[in-house]
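K.L.:
Right, I'll just put the structure down here and ask away after.
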Amino acid sequence: MLRVQNLTCARGGLPVLADVSFEVAAGEVLILRGPNGIGKTTLLRTLAGLQPAISGEVSYPDDEGAYASHADGIKTALTVTENLTFWADVHGAALPADILETFDLADLRDRLGGTLSAGQKRRLGLARLGVIGRKVLFLDEPTVSLDRFSVKLFADWLQNRHLAAGGLAVIATHIDLGFPAPELDLTPFKASLDTGGGTDEAFL
Amino acid sequence: MIALLLRDLRLAIRAGGGFGLGLAFFLIVVVLVPFGVGPETALLSRIAPGILWVASLLAALLSLDRIFALDYEDGSLALLATSPLPLEGAALMKALAHWVTTGLPLTLVAPALGFLLSLAPEAYAYLLISLLIGTPALSMIGTFGAALTVGLRRGGLLLSLLVLPLYVPTLIFGAEAVRRGAEGLDPTGALMLMAGITAGSFALLPFATAAVLRINLR
């Protein structure tokens with residue numbers, strides 16, 4: 001369902017990754033590995049369409065991609081339920097009845113976003129993915145600041161709900177999610193300095 | 001799109017500041033002017049249209065940098081950009097929310113403050129109409145400026161410099177309409193031109209704003 005061919009992507013006008021190719025079928029997860037700064041975030045943002053690729057092709061069904069990063073997009077002045085309802089409305093979806101239980105947010109439903117701890121915010125950010133009902137997820141370090149129990153909650157949701165429903169996910173992470181998944185090490189794709197395409201933009 | 005508008009309005013009410021700041025600024029300026037220029041009613045009523053328009057323009061300017069900055073910082077802007085909501089629509093809703101929280105309250109209190117400046121009685125209707133037609137343009141142009149400077153640290157100064165020249169035509173025609181109304185002349189021409197600016201900015205700037213946001217999100 002997701003196909004990436006010879007993708008070259010840039011950060012700040014300089015190419016970081018060159019000729020990345022992979023395919024992810026429905027119901028599968030691909031874990032991106034690689035040292036800090038290799039370009040995992042850049043790759044995910046390019047896949048999600050937030051920045052243009054220098055060359056190469058990315059194809060997945062229209063209007064099925066969703067992106068989640070370190071910033072969860074949580075409004076501190078809205079409650080947990082209001083935050084989720086907003087994203088459900090924007091995506092024209094209904095709020096699943098059990099979403100708060102799935103991410104262990106039921107006790108927090110009327111708390112303001114600003115009063116949540118970092119881990120609770122993260123769980124709320126991940127719950128958004130369950131609300132918007134998109135099939136192709138690009139997740140950048142989804143488990144940052146989660147405890148072991150919450151990581152398991154997330155992994156369970158990913159396996160039993162998202163993947164089981166025919167979704168797929170590309171995840172950049174440094175930890176083990178607790179289920180077997182193919183990994184892609186980005187180190188061999190590191191762009192050499194003379195990879196073209198970025199120079200123009202650097203001077204603009 | 002309505003969801004975004006409602007969320008922004010709710011945030012403006014809950015977070016305070018949003019509603020009150022522009023209104024308080026408007027009130028302070030208009031109340032202080034008579035102290036500054038003296039209590040001479042003839043002079044005050046002559047400068048009232050200009051003062052009211054300049055004050056409402058500056059009050060609208062005050063909250064512009066918050067339009068996109070908060071959403072950019074907490075990551076919602078990137079999430080909105082990948083949502084089914086077109087960015088053009090998001091830009092329009094942001095401008096609308098800004099107008100409802102600043103332009104509309106300013107318009108509604110302006111007649112009361114016109115009284116403090118002994119505005120000519122014939123001019124009240126035109127003050128209300130000109131602000132009603134003109135302030136949406138201020139919000140839309142300001143939204144475009146906010147999109148240009150989103151992600152910049154201390155972008156507020158640059159934002160004011162970018163936006164102020166674009167505000168000038170609205171200010172000229174707005175104040176002119178009220179002045180002509182006060183002097184018993186026909187203000188239709190000025191009102192029409194101002195309505196043209198508003199219509200034009202709402203037709204073009206959502207697209208420009210969305211394009212600029214896409215570049216700034218890279």
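Numbering starts fresh at 1 for the residues of each chain in the structure tokens, the chains themselves are lettered A, B, ... in the order given, and ligands are numbered from 1 as they appear.
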Would you mind listing what lies within 12 Å of region 182-188 of chain A as a ChimeraX atom specification, with only C-alpha atoms counted and same-chain residues fewer than 3 positions away left out?
P.N.:
/A:16-25,28-43,169-177,179,191-192
K.L.:
Could those selected residues go to a file with C-alpha atoms, as a PDB file, in the first residue's frame?
P.N.:
```pdb
ATOM      1  CA  VAL A  16      20.442  13.871   4.019  1.00  0.00           C
ATOM      2  CA  LEU A  17      19.121  10.625   2.548  1.00  0.00           C
ATOM      3  CA  ALA A  18      19.488   9.404  -1.018  1.00  0.00           C
ATOM      4  CA  ASP A  19      17.859   6.623  -3.018  1.00  0.00           C
ATOM      5  CA  VAL A  20      15.686   5.196  -0.265  1.00  0.00           C
ATOM      6  CA  SER A  21      13.339   2.508  -1.578  1.00  0.00           C
ATOM      7  CA  PHE A  22      10.971   0.259   0.328  1.00  0.00           C
ATOM      8  CA  GLU A  23       7.461  -1.084   0.333  1.00  0.00           C
ATOM      9  CA  VAL A  24       5.069  -1.627   3.193  1.00  0.00           C
ATOM     10  CA  ALA A  25       1.954  -3.719   2.651  1.00  0.00           C
ATOM     11  CA  GLU A  28       2.611  -4.333   8.234  1.00  0.00           C
ATOM     12  CA  VAL A  29       4.906  -2.130  10.248  1.00  0.00           C
ATOM     13  CA  LEU A  30       8.298  -0.858   9.192  1.00  0.00           C
ATOM     14  CA  ILE A  31      10.681   0.318  11.900  1.00  0.00           C
ATOM     15  CA  LEU A  32      13.233   2.941  10.864  1.00  0.00           C
ATOM     16  CA  ARG A  33      16.559   2.664  12.628  1.00  0.00           C
ATOM     17  CA  GLY A  34      19.667   4.766  12.483  1.00  0.00           C
ATOM     18  CA  PRO A  35      21.763   7.104  14.602  1.00  0.00           C
ATOM     19  CA  ASN A  36      20.586  10.611  15.549  1.00  0.00           C
ATOM     20  CA  GLY A  37      20.707  13.039  12.663  1.00  0.00           C
ATOM     21  CA  ILE A  38      20.602  10.381   9.948  1.00  0.00           C
ATOM     22  CA  GLY A  39      17.313  11.818   8.657  1.00  0.00           C
ATOM     23  CA  LYS A  40      14.512   9.717  10.153  1.00  0.00           C
ATOM     24  CA  THR A  41      12.348  12.749  10.901  1.00  0.00           C
ATOM     25  CA  THR A  42      13.128  14.274   7.506  1.00  0.00           C
ATOM     26  CA  LEU A  43      12.144  11.041   5.786  1.00  0.00           C
ATOM     27  CA  ALA A 169       2.788   2.270   9.928  1.00  0.00           C
ATOM     28  CA  VAL A 170       6.296   3.550   9.409  1.00  0.00           C
ATOM     29  CA  ILE A 171       7.831   4.194  12.805  1.00  0.00           C
ATOM     30  CA  ALA A 172      11.105   5.828  13.734  1.00  0.00           C
ATOM     31  CA  THR A 173      12.080   4.593  17.165  1.00  0.00           C
ATOM     32  CA  HIS A 174      15.069   3.556  19.217  1.00  0.00           C
ATOM     33  CA  ILE A 175      13.295   1.088  21.460  1.00  0.00           C
ATOM     34  CA  ASP A 176      11.802  -2.355  21.017  1.00  0.00           C
ATOM     35  CA  LEU A 177       8.019  -2.180  20.629  1.00  0.00           C
ATOM     36  CA  PHE A 179       6.466  -7.427  18.656  1.00  0.00           C
ATOM     37  CA  ALA A 191      23.531  11.154   1.197  1.00  0.00           C
ATOM     38  CA  SER A 192      27.027  12.033   0.071  1.00  0.00           C
TER      39      SER A 192
END
```
K.L.:
Contacts of Asp156 (chain A) at 10 Å or less, counting only C-alpha atoms, minus same-chain residues fewer than 3 places along, as a list in words?
P.N.:
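Residues meeting the cut-off are Thr102, Phe103, Ser150, Val151, Lys152, Leu153, Gln159, Asn160, Arg161, His162, Leu163, Leu177, Gly178 and Phe179 of chain A.
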K.L.:
What lies within 10 Å of Leu78 (chain A) using only C-alpha atoms, ignoring chain neighbours under 4 positions off, as a PyMOL selection string?
P.N.:
(chain A and resi 74+82-84+86+110-114) or (chain B and resi 7+10-11+14-15)
K.L.:
Tell me the residues of chain A close to chain B, meaning within 7 Å using only C-alpha atoms, as a VMD selection string.
P.N.:
chain A and resid 50 to 51 63 66 to 67 71 to 74 77 86 89 to 91
K.L.:
Could you write out the selected residues, including N, CA and C atoms, as a CSV table (one decimal), in the first residue's frame?
P.N.:
```csv
chain,number,residue,atom,x,y,z
A,50,LEU,N,4.8,16.9,4.1
A,50,LEU,CA,5.0,18.2,4.8
A,50,LEU,C,6.1,18.9,4.1
A,51,GLN,N,7.0,18.2,3.4
A,51,GLN,CA,8.1,18.9,2.7
A,51,GLN,C,8.3,18.1,1.4
A,63,ASP,N,-5.3,10.9,0.9
A,63,ASP,CA,-6.1,11.2,2.1
A,63,ASP,C,-6.1,10.0,3.1
A,66,ALA,N,-1.2,10.0,7.8
A,66,ALA,CA,-1.2,10.9,9.0
A,66,ALA,C,0.2,10.9,9.6
A,67,TYR,N,0.5,12.0,10.2
A,67,TYR,CA,1.8,12.2,10.7
A,67,TYR,C,1.7,12.5,12.2
A,71,ALA,N,5.8,16.8,18.8
A,71,ALA,CA,4.8,17.8,19.2
A,71,ALA,C,3.4,17.1,19.0
A,72,ASP,N,2.6,17.1,20.0
A,72,ASP,CA,1.4,16.3,19.9
A,72,ASP,C,0.2,17.2,19.4
A,73,GLY,N,0.4,18.5,19.3
A,73,GLY,CA,-0.7,19.3,18.9
A,73,GLY,C,-1.8,19.4,19.9
A,74,ILE,N,-1.5,19.3,21.2
A,74,ILE,CA,-2.5,19.3,22.3
A,74,ILE,C,-2.7,20.8,22.7
A,77,ALA,N,-5.6,24.6,26.8
A,77,ALA,CA,-6.8,25.1,27.4
A,77,ALA,C,-8.1,24.3,27.1
A,86,PHE,N,-12.1,17.5,18.6
A,86,PHE,CA,-11.7,18.5,17.6
A,86,PHE,C,-11.1,17.7,16.4
A,89,ASP,N,-13.6,15.8,14.5
A,89,ASP,CA,-14.4,16.7,13.6
A,89,ASP,C,-13.7,17.1,12.4
A,90,VAL,N,-12.4,17.4,12.5
A,90,VAL,CA,-11.6,17.9,11.4
A,90,VAL,C,-11.5,16.7,10.4
A,91,HIS,N,-11.4,15.5,10.9
A,91,HIS,CA,-11.3,14.4,9.9
A,91,HIS,C,-12.6,13.8,9.6
```
K.L.:
Env of region 42-46 of chain B: 12 Å cut, atoms = only C-alpha atoms, seq-sep filter 2 positions within chain, self excluded. Answer as an MDAnalysis selection string.
P.N.:
chainID B and resid 30:40 48:52 113:124 175:176 178:183
K.L.:
In Å to one decimal, how far is CA of Leu161 (chain B) from CA of Lys75 (chain A)?
P.N.:
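So the answer is 29.4 Å.
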K.L.:
In region 9-133 of chain B, what's helix (DSSP H, G or I) per DSSP? Answer as a ChimeraX atom specification?
P.N.:
/B:9-14,18-37,41-62,66-73,76-81,87-116,121-133
K.L.:
I need the strand (DSSP E) residues of chain A per DSSP on the backbone, written as a ChimeraX atom specification.
P.N.:
/A:2-11,14-24,29-33,55-59,65-68,136-140,168-172,183-185
K.L.:
Give me the residues within 12 Å of Pro169 (chain B) as a list in words, counting only C-alpha atoms and dropping any in the same chain fewer than 3 places off.
P.N.:
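In the requested form, the answer reads Trp53, Leu57, Gly134, Ala137, Leu138, Ile141, Val163, Leu164, Pro165, Leu166, Ile172, Phe173, Gly174, Ala175, Glu176, Ala190, Leu191, Leu193, Met194, Ala195, Gly196, Ile197, Thr198 and Ser201 of chain B.
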K.L.:
Write a file of the just-selected residues containing C-alpha atoms, as an mmCIF file, in the first residue's frame.
P.N.:
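The result, stored in selection-v5.cif:
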```
data_model
loop_
_atom_site.group_PDB
_atom_site.id
_atom_site.type_symbol
_atom_site.label_atom_id
_atom_site.label_comp_id
_atom_site.auth_asym_id
_atom_site.auth_seq_id
_atom_site.Cartn_x
_atom_site.Cartn_y
_atom_site.Cartn_z
ATOM 1 C CA TRP B 53 -10.060 54.038 12.894
ATOM 2 C CA LEU B 57 -6.465 49.158 13.398
ATOM 3 C CA GLY B 134 -13.328 47.171 6.960
ATOM 4 C CA ALA B 137 -9.949 42.901 5.708
ATOM 5 C CA LEU B 138 -7.651 43.773 8.622
ATOM 6 C CA ILE B 141 -4.431 40.647 5.702
ATOM 7 C CA VAL B 163 1.191 44.339 7.503
ATOM 8 C CA LEU B 164 0.938 48.075 8.217
ATOM 9 C CA PRO B 165 1.431 49.240 4.610
ATOM 10 C CA LEU B 166 -1.249 46.792 3.516
ATOM 11 C CA ILE B 172 -7.838 55.781 4.422
ATOM 12 C CA PHE B 173 -11.193 54.728 3.038
ATOM 13 C CA GLY B 174 -12.592 53.804 6.442
ATOM 14 C CA ALA B 175 -11.748 57.098 8.100
ATOM 15 C CA GLU B 176 -12.825 58.963 4.947
ATOM 16 C CA ALA B 190 -15.301 55.281 0.147
ATOM 17 C CA LEU B 191 -17.442 52.459 1.533
ATOM 18 C CA LEU B 193 -13.789 50.946 -2.298
ATOM 19 C CA MET B 194 -13.290 49.552 1.185
ATOM 20 C CA ALA B 195 -15.749 46.747 0.528
ATOM 21 C CA GLY B 196 -13.736 46.035 -2.627
ATOM 22 C CA ILE B 197 -10.528 45.718 -0.610
ATOM 23 C CA THR B 198 -12.235 43.366 1.840
ATOM 24 C CA SER B 201 -8.426 40.131 0.256
#
```
K.L.:
Give me the residues near Ala106 (chain A) as a PyMOL selection string, where near means some atom within 10 Å (using only C-alpha atoms) and where sequence neighbours in that chain fewer than 5 positions away do not count.
P.N.:
chain A and resi 80-81+98-101
K.L.:
In Å, how far is it from CA of Cys9 (chain A) to CA of Leu139 (chain A)?
P.N.:
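If I compute the distance from CA of Cys9 (chain A) to CA of Leu139 (chain A), I get 17.2 Å.
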